[in-house]
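A.B. asks: File entry15.cif follows (mmCIF, C-alpha atoms (C1' of nucleotides)):
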data_entry
loop_
_atom_site.group_PDB
_atom_site.id
_atom_site.type_symbol
_atom_site.label_atom_id
_atom_site.label_comp_id
_atom_site.auth_asym_id
_atom_site.auth_seq_id
_atom_site.Cartn_x
_atom_site.Cartn_y
_atom_site.Cartn_z
ATOM 1 C CA MET B 18 -1.063 -26.913 -52.402
ATOM 2 C CA SER B 19 -2.358 -25.449 -55.664
ATOM 3 C CA ALA B 20 -4.580 -28.160 -57.058
ATOM 4 C CA THR B 21 -4.948 -27.896 -60.808
ATOM 5 C CA HIS B 22 -8.654 -28.206 -60.261
ATOM 6 C CA ILE B 23 -10.899 -29.202 -57.442
ATOM 7 C CA ASP B 24 -11.236 -32.956 -57.297
ATOM 8 C CA VAL B 25 -14.414 -33.525 -55.377
ATOM 9 C CA PRO B 26 -17.055 -33.350 -58.050
ATOM 10 C CA MET B 27 -19.098 -36.289 -56.849
ATOM 11 C CA PRO B 28 -19.137 -37.139 -53.155
ATOM 12 C CA VAL B 29 -19.690 -40.908 -53.513
ATOM 13 C CA PRO B 30 -21.874 -41.841 -50.537
ATOM 14 C CA ALA B 31 -19.174 -44.199 -49.339
ATOM 15 C CA ASP B 32 -21.077 -45.478 -46.303
ATOM 16 C CA HIS B 33 -18.346 -45.175 -43.771
ATOM 17 C CA ASP B 34 -20.426 -46.304 -40.850
ATOM 18 C CA CYS B 35 -22.234 -48.903 -42.897
ATOM 19 C CA PRO B 36 -22.476 -52.362 -41.358
ATOM 20 C CA THR B 37 -20.343 -53.861 -44.083
ATOM 21 C CA ARG B 38 -17.296 -53.065 -42.022
ATOM 22 C CA GLU B 39 -18.718 -54.836 -39.035
ATOM 23 C CA ILE B 40 -19.526 -58.002 -40.850
ATOM 24 C CA LEU B 41 -16.059 -58.054 -42.292
ATOM 25 C CA ASP B 42 -14.731 -58.010 -38.777
ATOM 26 C CA LEU B 43 -16.833 -61.100 -38.224
ATOM 27 C CA ILE B 44 -16.219 -63.234 -41.235
ATOM 28 C CA GLY B 45 -13.506 -61.335 -43.052
ATOM 29 C CA ASP B 46 -10.895 -63.737 -41.851
ATOM 30 C CA LYS B 47 -9.645 -67.008 -43.086
ATOM 31 C CA TRP B 48 -11.572 -69.398 -40.883
ATOM 32 C CA SER B 49 -14.820 -68.021 -39.490
ATOM 33 C CA VAL B 50 -16.897 -68.775 -42.531
ATOM 34 C CA LEU B 51 -15.598 -72.305 -42.772
ATOM 35 C CA ILE B 52 -16.410 -72.948 -39.149
ATOM 36 C CA VAL B 53 -19.891 -71.502 -39.401
ATOM 37 C CA VAL B 54 -20.651 -73.496 -42.520
ATOM 38 C CA LEU B 55 -19.372 -76.663 -40.910
ATOM 39 C CA LEU B 56 -21.361 -76.090 -37.746
ATOM 40 C CA GLY B 57 -24.354 -75.470 -39.959
ATOM 41 C CA LYS B 58 -24.456 -79.175 -40.610
ATOM 42 C CA ARG B 59 -24.512 -80.214 -36.989
ATOM 43 C CA THR B 60 -22.996 -79.709 -33.578
ATOM 44 C CA LEU B 61 -19.337 -80.607 -33.528
ATOM 45 C CA ARG B 62 -16.653 -81.209 -30.965
ATOM 46 C CA PHE B 63 -13.395 -79.319 -30.925
ATOM 47 C CA GLY B 64 -11.457 -82.180 -32.411
ATOM 48 C CA GLU B 65 -14.016 -82.760 -35.121
ATOM 49 C CA LEU B 66 -13.738 -79.156 -36.173
ATOM 50 C CA HIS B 67 -9.984 -79.427 -36.088
ATOM 51 C CA ARG B 68 -10.011 -82.370 -38.406
ATOM 52 C CA GLY B 69 -12.845 -80.975 -40.471
ATOM 53 C CA ILE B 70 -11.033 -77.809 -41.405
ATOM 54 C CA GLU B 71 -7.879 -78.755 -43.158
ATOM 55 C CA GLY B 72 -4.946 -76.519 -42.481
ATOM 56 C CA ILE B 73 -6.187 -74.777 -39.367
ATOM 57 C CA SER B 74 -3.996 -74.832 -36.299
ATOM 58 C CA GLN B 75 -5.476 -75.541 -32.901
ATOM 59 C CA ARG B 76 -4.448 -72.054 -31.952
ATOM 60 C CA MET B 77 -6.459 -70.401 -34.706
ATOM 61 C CA LEU B 78 -9.361 -72.743 -34.142
ATOM 62 C CA THR B 79 -9.444 -71.763 -30.498
ATOM 63 C CA LEU B 80 -9.148 -68.057 -31.206
ATOM 64 C CA THR B 81 -11.707 -68.068 -33.985
ATOM 65 C CA LEU B 82 -14.201 -70.072 -31.969
ATOM 66 C CA ARG B 83 -13.759 -67.710 -29.063
ATOM 67 C CA ALA B 84 -14.520 -64.758 -31.316
ATOM 68 C CA LEU B 85 -17.592 -66.469 -32.730
ATOM 69 C CA VAL B 86 -18.853 -67.201 -29.235
ATOM 70 C CA ARG B 87 -18.206 -63.620 -28.287
ATOM 71 C CA ASP B 88 -20.192 -62.380 -31.241
ATOM 72 C CA GLY B 89 -23.106 -64.585 -30.363
ATOM 73 C CA LEU B 90 -22.878 -66.801 -33.421
ATOM 74 C CA VAL B 91 -21.709 -69.959 -31.685
ATOM 75 C CA THR B 92 -22.338 -71.599 -28.342
ATOM 76 C CA ARG B 93 -19.699 -73.483 -26.411
ATOM 77 C CA THR B 94 -20.806 -76.353 -24.203
ATOM 78 C CA PRO B 95 -18.138 -78.024 -22.066
ATOM 79 C CA TYR B 96 -18.714 -81.337 -20.334
ATOM 80 C CA THR B 97 -16.770 -82.307 -17.271
ATOM 81 C CA THR B 98 -16.211 -85.855 -18.372
ATOM 82 C CA VAL B 99 -13.046 -87.877 -18.723
ATOM 83 C CA PRO B 100 -11.681 -87.294 -21.234
ATOM 84 C CA PRO B 101 -13.083 -83.779 -21.415
ATOM 85 C CA ARG B 102 -15.343 -82.784 -24.231
ATOM 86 C CA VAL B 103 -16.627 -79.528 -25.654
ATOM 87 C CA ASP B 104 -19.459 -79.140 -28.103
ATOM 88 C CA TYR B 105 -19.819 -76.228 -30.447
ATOM 89 C CA SER B 106 -22.976 -75.353 -32.291
ATOM 90 C CA LEU B 107 -24.574 -72.408 -34.000
ATOM 91 C CA THR B 108 -26.838 -70.092 -32.118
ATOM 92 C CA GLU B 109 -30.039 -68.957 -33.722
ATOM 93 C CA LEU B 110 -28.231 -65.843 -34.854
ATOM 94 C CA GLY B 111 -25.529 -68.021 -36.338
ATOM 95 C CA ARG B 112 -28.091 -70.008 -38.244
ATOM 96 C CA THR B 113 -29.533 -66.866 -39.769
ATOM 97 C CA LEU B 114 -26.059 -65.999 -41.004
ATOM 98 C CA LEU B 115 -25.968 -69.356 -42.691
ATOM 99 C CA VAL B 116 -28.496 -68.148 -45.233
ATOM 100 C CA PRO B 117 -26.513 -65.363 -46.911
ATOM 101 C CA LEU B 118 -23.397 -67.440 -46.462
ATOM 102 C CA SER B 119 -24.959 -70.223 -48.459
ATOM 103 C CA ALA B 120 -25.723 -67.742 -51.197
ATOM 104 C CA LEU B 121 -22.088 -66.800 -51.257
ATOM 105 C CA ASP B 122 -21.113 -70.421 -51.298
ATOM 106 C CA ALA B 123 -23.449 -71.061 -54.180
ATOM 107 C CA TRP B 124 -21.882 -68.173 -56.067
ATOM 108 C CA ALA B 125 -18.433 -69.587 -55.478
ATOM 109 C CA HIS B 126 -19.637 -72.937 -56.724
ATOM 110 C CA ALA B 127 -21.178 -71.460 -59.827
ATOM 111 C CA HIS B 128 -18.312 -69.221 -60.798
ATOM 112 C CA ARG B 129 -15.200 -71.032 -59.683
ATOM 113 C CA ASP B 130 -14.335 -71.883 -63.249
ATOM 114 C CA ASP B 131 -14.753 -68.287 -64.353
ATOM 115 C CA ILE B 132 -12.349 -67.134 -61.700
ATOM 116 C CA ARG B 133 -9.797 -69.797 -62.481
ATOM 117 C CA ALA B 134 -10.035 -68.936 -66.139
ATOM 118 C CA ALA B 135 -9.575 -65.237 -65.415
ATOM 119 C CA ARG B 136 -6.530 -65.958 -63.320
ATOM 120 C CA GLU B 137 -4.899 -68.170 -65.852
ATOM 121 C CA ARG B 138 -5.656 -65.662 -68.549
ATOM 122 C CA HIS B 139 -3.981 -63.023 -66.456
ATOM 123 C CA ASP B 140 -1.051 -65.110 -65.320
ATOM 124 C CA SER B 141 -0.339 -66.741 -68.641
ATOM 125 C CA PRO B 142 3.078 -65.509 -69.754
ATOM 126 C CA GLY B 143 2.091 -65.502 -73.388
ATOM 127 C CA MET U 230 0.296 -93.796 -27.889
ATOM 128 C CA SER U 231 -2.485 -95.706 -26.164
ATOM 129 C CA ALA U 232 -5.529 -93.699 -27.063
ATOM 130 C CA THR U 233 -8.349 -94.278 -24.674
ATOM 131 C CA HIS U 234 -10.580 -94.878 -27.659
ATOM 132 C CA ILE U 235 -10.504 -94.189 -31.354
ATOM 133 C CA ASP U 236 -11.760 -90.716 -32.096
ATOM 134 C CA VAL U 237 -12.994 -90.903 -35.654
ATOM 135 C CA PRO U 238 -16.567 -92.032 -35.249
ATOM 136 C CA MET U 239 -18.056 -89.647 -37.753
ATOM 137 C CA PRO U 240 -15.992 -88.509 -40.711
ATOM 138 C CA VAL U 241 -17.557 -85.059 -41.168
ATOM 139 C CA PRO U 242 -17.587 -84.455 -44.927
ATOM 140 C CA ALA U 243 -15.429 -81.400 -44.407
ATOM 141 C CA ASP U 244 -15.314 -80.284 -48.029
ATOM 142 C CA HIS U 245 -11.621 -79.665 -48.320
ATOM 143 C CA ASP U 246 -11.714 -78.831 -51.971
ATOM 144 C CA CYS U 247 -14.948 -76.928 -51.666
ATOM 145 C CA PRO U 248 -15.052 -73.533 -53.360
ATOM 146 C CA THR U 249 -15.583 -71.763 -50.078
ATOM 147 C CA ARG U 250 -11.838 -71.572 -49.705
ATOM 148 C CA GLU U 251 -11.482 -69.953 -53.060
ATOM 149 C CA ILE U 252 -14.016 -67.283 -52.437
ATOM 150 C CA LEU U 253 -12.355 -66.482 -49.160
ATOM 151 C CA ASP U 254 -9.162 -65.901 -51.042
ATOM 152 C CA LEU U 255 -11.121 -63.408 -53.077
ATOM 153 C CA ILE U 256 -13.056 -61.435 -50.535
ATOM 154 C CA GLY U 257 -11.623 -62.693 -47.277
ATOM 155 C CA ASP U 258 -9.543 -59.604 -46.856
ATOM 156 C CA LYS U 259 -10.145 -56.219 -45.433
ATOM 157 C CA TRP U 260 -10.931 -54.241 -48.549
ATOM 158 C CA SER U 261 -12.157 -56.329 -51.506
ATOM 159 C CA VAL U 262 -15.778 -56.386 -50.474
ATOM 160 C CA LEU U 263 -15.863 -52.677 -49.842
ATOM 161 C CA ILE U 264 -14.392 -51.984 -53.246
ATOM 162 C CA VAL U 265 -16.775 -54.314 -55.019
ATOM 163 C CA VAL U 266 -19.770 -52.831 -53.255
ATOM 164 C CA LEU U 267 -18.619 -49.330 -54.075
ATOM 165 C CA LEU U 268 -18.003 -50.173 -57.708
ATOM 166 C CA GLY U 269 -21.444 -51.718 -57.746
ATOM 167 C CA LYS U 270 -22.871 -48.220 -57.699
ATOM 168 C CA ARG U 271 -20.941 -46.969 -60.670
ATOM 169 C CA THR U 272 -17.575 -46.792 -62.369
ATOM 170 C CA LEU U 273 -15.034 -44.960 -60.249
ATOM 171 C CA ARG U 274 -11.630 -43.465 -60.694
ATOM 172 C CA PHE U 275 -8.700 -44.410 -58.534
ATOM 173 C CA GLY U 276 -8.900 -41.237 -56.506
ATOM 174 C CA GLU U 277 -12.631 -41.580 -55.985
ATOM 175 C CA LEU U 278 -12.150 -45.067 -54.615
ATOM 176 C CA HIS U 279 -9.361 -43.809 -52.430
ATOM 177 C CA ARG U 280 -11.572 -41.156 -50.932
ATOM 178 C CA GLY U 281 -14.614 -43.417 -50.904
ATOM 179 C CA ILE U 282 -13.025 -46.049 -48.727
ATOM 180 C CA GLU U 283 -12.013 -44.462 -45.520
ATOM 181 C CA GLY U 284 -8.814 -45.746 -44.036
ATOM 182 C CA ILE U 285 -7.362 -47.500 -47.057
ATOM 183 C CA SER U 286 -3.880 -46.576 -48.195
ATOM 184 C CA GLN U 287 -3.096 -46.103 -51.848
ATOM 185 C CA ARG U 288 -0.814 -49.066 -51.581
ATOM 186 C CA MET U 289 -3.538 -51.412 -50.417
ATOM 187 C CA LEU U 290 -5.996 -49.929 -52.866
ATOM 188 C CA THR U 291 -3.573 -50.610 -55.681
ATOM 189 C CA LEU U 292 -2.819 -54.127 -54.518
ATOM 190 C CA THR U 293 -6.443 -55.012 -53.919
ATOM 191 C CA LEU U 294 -7.570 -53.604 -57.244
ATOM 192 C CA ARG U 295 -4.844 -55.537 -58.986
ATOM 193 C CA ALA U 296 -6.052 -58.737 -57.375
ATOM 194 C CA LEU U 297 -9.645 -58.017 -58.325
ATOM 195 C CA VAL U 298 -8.618 -57.384 -61.902
ATOM 196 C CA ARG U 299 -6.638 -60.579 -61.876
ATOM 197 C CA ASP U 300 -9.628 -62.529 -60.643
ATOM 198 C CA GLY U 301 -11.818 -61.096 -63.343
ATOM 199 C CA LEU U 302 -14.108 -59.148 -61.056
ATOM 200 C CA VAL U 303 -12.959 -55.670 -62.022
ATOM 201 C CA THR U 304 -11.784 -54.014 -65.207
ATOM 202 C CA ARG U 305 -9.095 -51.365 -65.314
ATOM 203 C CA THR U 306 -9.305 -48.751 -68.019
ATOM 204 C CA PRO U 307 -6.424 -46.273 -68.260
ATOM 205 C CA TYR U 308 -6.636 -43.125 -70.342
ATOM 206 C CA THR U 309 -3.547 -41.455 -71.704
ATOM 207 C CA THR U 310 -4.705 -37.978 -70.876
ATOM 208 C CA VAL U 311 -3.024 -35.234 -68.919
ATOM 209 C CA PRO U 312 -3.369 -35.634 -66.056
ATOM 210 C CA PRO U 313 -3.698 -39.389 -66.418
ATOM 211 C CA ARG U 314 -6.862 -41.117 -65.398
ATOM 212 C CA VAL U 315 -7.893 -44.694 -64.685
ATOM 213 C CA ASP U 316 -11.412 -45.979 -64.438
ATOM 214 C CA TYR U 317 -12.379 -49.066 -62.507
ATOM 215 C CA SER U 318 -15.658 -50.865 -62.897
ATOM 216 C CA LEU U 319 -17.160 -54.252 -62.220
ATOM 217 C CA THR U 320 -17.083 -56.927 -64.843
ATOM 218 C CA GLU U 321 -20.168 -58.975 -65.434
ATOM 219 C CA LEU U 322 -18.735 -61.589 -63.113
ATOM 220 C CA GLY U 323 -18.199 -58.893 -60.525
ATOM 221 C CA ARG U 324 -21.790 -57.798 -60.802
ATOM 222 C CA THR U 325 -23.011 -61.311 -60.174
ATOM 223 C CA LEU U 326 -20.974 -61.353 -56.998
ATOM 224 C CA LEU U 327 -22.791 -58.237 -55.947
ATOM 225 C CA VAL U 328 -25.952 -60.258 -55.411
ATOM 226 C CA PRO U 329 -24.825 -62.591 -52.609
ATOM 227 C CA LEU U 330 -22.774 -59.748 -51.219
ATOM 228 C CA SER U 331 -25.881 -57.650 -50.899
ATOM 229 C CA ALA U 332 -27.528 -60.488 -49.040
ATOM 230 C CA LEU U 333 -24.646 -60.486 -46.626
ATOM 231 C CA ASP U 334 -24.860 -56.753 -46.296
ATOM 232 C CA ALA U 335 -28.545 -57.003 -45.564
ATOM 233 C CA TRP U 336 -27.844 -59.561 -42.880
ATOM 234 C CA ALA U 337 -25.268 -57.307 -41.305
ATOM 235 C CA HIS U 338 -27.706 -54.459 -41.354
ATOM 236 C CA ALA U 339 -30.468 -56.525 -39.827
ATOM 237 C CA HIS U 340 -28.414 -58.098 -37.067
ATOM 238 C CA ARG U 341 -25.868 -55.492 -36.147
ATOM 239 C CA ASP U 342 -27.665 -54.800 -32.899
ATOM 240 C CA ASP U 343 -27.735 -58.474 -32.013
ATOM 241 C CA ILE U 344 -24.014 -58.725 -32.481
ATOM 242 C CA ARG U 345 -23.305 -55.616 -30.501
ATOM 243 C CA ALA U 346 -25.520 -56.858 -27.729
ATOM 244 C CA ALA U 347 -23.781 -60.227 -27.714
ATOM 245 C CA ARG U 348 -20.411 -58.560 -27.506
ATOM 246 C CA GLU U 349 -21.342 -56.280 -24.695
ATOM 247 C CA ARG U 350 -22.900 -59.165 -22.864
ATOM 248 C CA HIS U 351 -19.675 -61.079 -23.253
ATOM 249 C CA ASP U 352 -17.349 -58.212 -22.489
ATOM 250 C CA SER U 353 -19.290 -56.761 -19.626
ATOM 251 C CA PRO U 354 -17.054 -57.050 -16.542
ATOM 252 C CA GLY U 355 -19.977 -57.641 -14.228
ATOM 253 C "C1'" DC E 208 -3.366 -38.092 -61.274
ATOM 254 C "C1'" DG E 209 -2.214 -42.854 -60.810
ATOM 255 C "C1'" DG E 210 0.629 -45.591 -59.469
ATOM 256 C "C1'" DG E 211 5.591 -48.342 -58.407
ATOM 257 C "C1'" DA E 212 9.395 -49.206 -55.008
ATOM 258 C "C1'" DT E 213 11.262 -49.237 -50.628
ATOM 259 C "C1'" DC E 214 11.440 -49.238 -45.735
ATOM 260 C "C1'" DC E 215 9.553 -50.278 -41.421
ATOM 261 C "C1'" DA E 216 6.102 -51.243 -37.486
ATOM 262 C "C1'" DG E 217 2.385 -53.985 -36.056
ATOM 263 C "C1'" DT E 218 -0.110 -58.026 -36.328
ATOM 264 C "C1'" DT E 219 -1.092 -62.709 -37.543
ATOM 265 C "C1'" DC E 220 -0.165 -67.255 -37.516
ATOM 266 C "C1'" DG E 221 2.018 -71.988 -37.088
ATOM 267 C "C1'" DA E 222 5.005 -75.110 -34.515
ATOM 268 C "C1'" DT E 223 6.103 -76.621 -30.225
ATOM 269 C "C1'" DA E 224 5.718 -77.642 -25.461
ATOM 270 C "C1'" DC E 225 2.955 -77.953 -21.521
ATOM 271 C "C1'" DT E 226 -1.578 -78.281 -18.452
ATOM 272 C "C1'" DG E 227 -6.066 -80.107 -16.531
ATOM 273 C "C1'" DC O 244 -9.475 -84.298 -25.431
ATOM 274 C "C1'" DA O 245 -9.299 -79.510 -25.244
ATOM 275 C "C1'" DG O 246 -7.123 -76.258 -24.565
ATOM 276 C "C1'" DT O 247 -2.981 -72.410 -22.839
ATOM 277 C "C1'" DA O 248 1.761 -70.150 -23.300
ATOM 278 C "C1'" DT O 249 5.599 -68.811 -25.786
ATOM 279 C "C1'" DC O 250 8.468 -67.921 -29.683
ATOM 280 C "C1'" DG O 251 9.916 -66.790 -34.150
ATOM 281 C "C1'" DA O 252 8.580 -66.435 -39.018
ATOM 282 C "C1'" DA O 253 5.608 -64.468 -42.375
ATOM 283 C "C1'" DC O 254 2.473 -61.398 -43.887
ATOM 284 C "C1'" DT O 255 -0.102 -56.907 -43.691
ATOM 285 C "C1'" DG O 256 -0.387 -52.375 -44.124
ATOM 286 C "C1'" DG O 257 1.111 -47.422 -43.804
ATOM 287 C "C1'" DA O 258 4.494 -43.665 -44.820
ATOM 288 C "C1'" DT O 259 7.484 -41.830 -47.928
ATOM 289 C "C1'" DC O 260 9.770 -40.883 -52.149
ATOM 290 C "C1'" DC O 261 9.846 -41.155 -57.112
ATOM 291 C "C1'" DC O 262 8.308 -41.653 -61.957
ATOM 292 C "C1'" DG O 263 5.237 -41.357 -66.315
#
I'd like the structure from this file rewritten - as structure tokens, please.

C.D. replies:
Amino acid sequence: MSATHIDVPMPVPADHDCPTREILDLIGDKWSVLIVVLLGKRTLRFGELHRGIEGISQRMLTLTLRALVRDGLVTRTPYTTVPPRVDYSLTELGRTLLVPLSALDAWAHAHRDDIRAARERHDSPG
Amino acid sequence: MSATHIDVPMPVPADHDCPTREILDLIGDKWSVLIVVLLGKRTLRFGELHRGIEGISQRMLTLTLRALVRDGLVTRTPYTTVPPRVDYSLTELGRTLLVPLSALDAWAHAHRDDIRAARERHDSPG
DNA sequence: CGGGATCCAGTTCGATACTG
DNA sequence: CAGTATCGAACTGGATCCCG
């Protein structure tokens, strides 16, 4: 109860309702970014995405795609052919996201060695 | 066994070893981005971060900060005072990350309405 | 004040099997 | 080919207690 001294000297804006949270709901998962980047190259079928993203299960691919469609970043176009076929591509909104995502990708490219070095420095037993 | 036709017409580069994966390991979680953005404003103490990021538990704050330190994005500076005190701030590497992150933030800010609209359109029962 | 350790609930996710 | 359904394992994350 008795605080030694008040501890709220500087409020720190701390944008609670800032859109950062919302975008993290979009791409703050393991697969969304990879899918968007891949679809940025061209329209892809379900199976192509599945093979294109190593390690993803069909379950997660389905769920993630559904979320991206829901958020208006991706369109889903099914064809009633035999065998069936579904095309996925970015919407215009999705393509605009590609821009800042590419910046992030470029950063990752540029600094991957720095990060690896930092990790090894930290993990090194010596 | 008898596939109706081979299904590997176009390889799809599919950068498996691309750095996108690595950056997702960094910021592809719920809190890292928020912490980095917050530390982008100024150095903060543990408690300030805790209060600044609504909803985070001290456990996750500790774990996330530890990971950020490990990856070389954040420095941890403890002082042996009474009561103890620990400052966290971005490293130079962390500050460079701030740039593409701001771009992403700007995108989120600019398109939040689009996303909300898309969601409501999709979720609307009618 | 700034954590570490433990316990526990909720969620995520992959493997598998099945459908149209 | 493109999913859906189910299950169990793994991880996440919060609450609580304790220590320097």

A.B. asks: Name the residues in contact with Thr249 (chain U) at a cut-off of 12 Å, using all atoms listed in the file, excluding same-chain residues fewer than 2 positions from it; report them as an NGL selection string.

C.D. replies: (:B and (47-55 or 70 or 118-129)) or (:U and (243-247 or 251-257))

A.B. asks: Go through the shown structure with the PyMOL selection byres ((chain O) within 10 of (chain U)) and write out the matching residues as a PDB file with C-alpha atoms (C1' of nucleotides), in the coordinates of the input.

C.D. replies:
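Full text of part.pdb as output:
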ATOM      1  C1'  DC O 244      -9.475 -84.298 -25.431  1.00  0.00           C
ATOM      2  C1'  DT O 255      -0.102 -56.907 -43.691  1.00  0.00           C
ATOM      3  C1'  DG O 256      -0.387 -52.375 -44.124  1.00  0.00           C
ATOM      4  C1'  DG O 257       1.111 -47.422 -43.804  1.00  0.00           C
ATOM      5  C1'  DA O 258       4.494 -43.665 -44.820  1.00  0.00           C
ATOM      6  C1'  DG O 263       5.237 -41.357 -66.315  1.00  0.00           C
TER       7       DG O 263
END

A.B. asks: Which residues are near DG211 (chain E)? Cut-off 12 Å, all atoms listed in the file, ignore same chain within fewer than 2 positions. Put them as a ChimeraX atom specification.

C.D. replies: /U:287-288,291-292 /E:209,213 /O:260-263

A.B. asks: Give as a list in words the residues that the PyMOL selection byres ((chain B and resi 139) around 9) matches when applied to the coordinates above.

C.D. replies: Ala134, Ala135, Arg136, Glu137, Arg138, Asp140, Ser141 and Pro142 of chain B; Val298, Arg299, Asp300 and Gly301 of chain U

A.B. asks: Keeping C-alpha atoms for every residue in the selection just given, could you write it to a file as a PDB file, in the frame of the given file?

C.D. replies:
ATOM      1  CA  ALA B 134     -10.035 -68.936 -66.139  1.00  0.00           C
ATOM      2  CA  ALA B 135      -9.575 -65.237 -65.415  1.00  0.00           C
ATOM      3  CA  ARG B 136      -6.530 -65.958 -63.320  1.00  0.00           C
ATOM      4  CA  GLU B 137      -4.899 -68.170 -65.852  1.00  0.00           C
ATOM      5  CA  ARG B 138      -5.656 -65.662 -68.549  1.00  0.00           C
ATOM      6  CA  ASP B 140      -1.051 -65.110 -65.320  1.00  0.00           C
ATOM      7  CA  SER B 141      -0.339 -66.741 -68.641  1.00  0.00           C
ATOM      8  CA  PRO B 142       3.078 -65.509 -69.754  1.00  0.00           C
TER       9      PRO B 142
ATOM     10  CA  VAL U 298      -8.618 -57.384 -61.902  1.00  0.00           C
ATOM     11  CA  ARG U 299      -6.638 -60.579 -61.876  1.00  0.00           C
ATOM     12  CA  ASP U 300      -9.628 -62.529 -60.643  1.00  0.00           C
ATOM     13  CA  GLY U 301     -11.818 -61.096 -63.343  1.00  0.00           C
TER      14      GLY U 301
END

A.B. asks: Quick one: residues within 12 Å of DA252 (chain O), only C-alpha atoms (C1' of nucleotides), excluding same-chain residues fewer than 5 positions away - as a list in words?

C.D. replies: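 What passes the distance filter is DT219, DC220, DG221 and DA222 of chain E.
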
A.B. asks: Using Å and a single decimal, report how far CA of Ala296 (chain U) sits from CA of Ser318 (chain U).

C.D. replies: 13.6 Å

A.B. asks: Using all atoms of region 209-220 of chain E listed in the file and a margin of 6 Å per side, can you give the axis-aligned box centre and edge lengths in Å to one decimal, as AutoDock Vina command-line options?

C.D. replies:
--center_x 4.6 --center_y -55.1 --center_z -48.4 --size_x 25.7 --size_y 36.4 --size_z 36.8

A.B. asks: For a test of reading the model, state the distance in Å between CA of Leu114 (chain B) and CA of Leu90 (chain B), rounded to one decimal.

C.D. replies: 8.3 Å

A.B. asks: One number please: CA of Leu290 (chain U) to CA of Phe275 (chain U), in Å, one decimal.

C.D. replies: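 Rounded to one decimal, the two atoms are 8.4 Å apart.
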
A.B. asks: Restricting the calculation to only C-alpha atoms (C1' of nucleotides), which member of B:Glu109, B:Ile132, B:Thr97, B:Lys58 is positioned closest to DG227 (chain E)?

C.D. replies: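 Residue with the minimum atom-to-atom distance to DG227 (chain E): B:Thr97.
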
A.B. asks: May I ask which of the residues B:Thr94, B:Tyr105, B:Asp46, B:Leu85 is the closest one to chain E, counting all atoms listed in the file?

C.D. replies: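 Closest to chain E of all the choices is B:Asp46.
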
A.B. asks: Check the smallest atom-to-atom distance from each of U:Val311, U:Leu319, U:Leu268, U:Leu294 to chain E using all atoms listed in the file, then report the winner.

C.D. replies: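 Under the stated criterion, the closest residue is U:Val311.
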
A.B. asks: Complete region 261-270 of chain U at the level of N, CA, C and O atoms, written as a PDB file, in the frame of the given file.

C.D. replies:
ATOM      1  N   SER U 261     -11.537 -55.901 -50.247  1.00  0.00           N
ATOM      2  CA  SER U 261     -12.157 -56.329 -51.506  1.00  0.00           C
ATOM      3  C   SER U 261     -13.657 -56.101 -51.532  1.00  0.00           C
ATOM      4  O   SER U 261     -14.192 -55.546 -52.498  1.00  0.00           O
ATOM      5  N   VAL U 262     -14.326 -56.516 -50.495  1.00  0.00           N
ATOM      6  CA  VAL U 262     -15.778 -56.386 -50.474  1.00  0.00           C
ATOM      7  C   VAL U 262     -16.197 -54.927 -50.559  1.00  0.00           C
ATOM      8  O   VAL U 262     -17.113 -54.570 -51.311  1.00  0.00           O
ATOM      9  N   LEU U 263     -15.516 -54.094 -49.821  1.00  0.00           N
ATOM     10  CA  LEU U 263     -15.863 -52.677 -49.842  1.00  0.00           C
ATOM     11  C   LEU U 263     -15.703 -52.095 -51.234  1.00  0.00           C
ATOM     12  O   LEU U 263     -16.527 -51.311 -51.698  1.00  0.00           O
ATOM     13  N   ILE U 264     -14.635 -52.481 -51.896  1.00  0.00           N
ATOM     14  CA  ILE U 264     -14.392 -51.984 -53.246  1.00  0.00           C
ATOM     15  C   ILE U 264     -15.469 -52.480 -54.201  1.00  0.00           C
ATOM     16  O   ILE U 264     -16.013 -51.703 -54.993  1.00  0.00           O
ATOM     17  N   VAL U 265     -15.768 -53.758 -54.117  1.00  0.00           N
ATOM     18  CA  VAL U 265     -16.775 -54.314 -55.019  1.00  0.00           C
ATOM     19  C   VAL U 265     -18.126 -53.637 -54.800  1.00  0.00           C
ATOM     20  O   VAL U 265     -18.812 -53.261 -55.759  1.00  0.00           O
ATOM     21  N   VAL U 266     -18.491 -53.473 -53.548  1.00  0.00           N
ATOM     22  CA  VAL U 266     -19.770 -52.831 -53.255  1.00  0.00           C
ATOM     23  C   VAL U 266     -19.800 -51.400 -53.793  1.00  0.00           C
ATOM     24  O   VAL U 266     -20.782 -50.956 -54.380  1.00  0.00           O
ATOM     25  N   LEU U 267     -18.686 -50.717 -53.606  1.00  0.00           N
ATOM     26  CA  LEU U 267     -18.619 -49.330 -54.075  1.00  0.00           C
ATOM     27  C   LEU U 267     -18.691 -49.257 -55.595  1.00  0.00           C
ATOM     28  O   LEU U 267     -19.401 -48.421 -56.162  1.00  0.00           O
ATOM     29  N   LEU U 268     -17.975 -50.155 -56.250  1.00  0.00           N
ATOM     30  CA  LEU U 268     -18.003 -50.173 -57.708  1.00  0.00           C
ATOM     31  C   LEU U 268     -19.355 -50.658 -58.229  1.00  0.00           C
ATOM     32  O   LEU U 268     -19.670 -50.474 -59.404  1.00  0.00           O
ATOM     33  N   GLY U 269     -20.114 -51.283 -57.349  1.00  0.00           N
ATOM     34  CA  GLY U 269     -21.444 -51.718 -57.746  1.00  0.00           C
ATOM     35  C   GLY U 269     -22.356 -50.545 -58.040  1.00  0.00           C
ATOM     36  O   GLY U 269     -23.340 -50.666 -58.770  1.00  0.00           O
ATOM     37  N   LYS U 270     -22.040 -49.410 -57.468  1.00  0.00           N
ATOM     38  CA  LYS U 270     -22.871 -48.220 -57.699  1.00  0.00           C
ATOM     39  C   LYS U 270     -22.587 -47.619 -59.068  1.00  0.00           C
ATOM     40  O   LYS U 270     -23.497 -47.273 -59.801  1.00  0.00           O
TER      41      LYS U 270
END
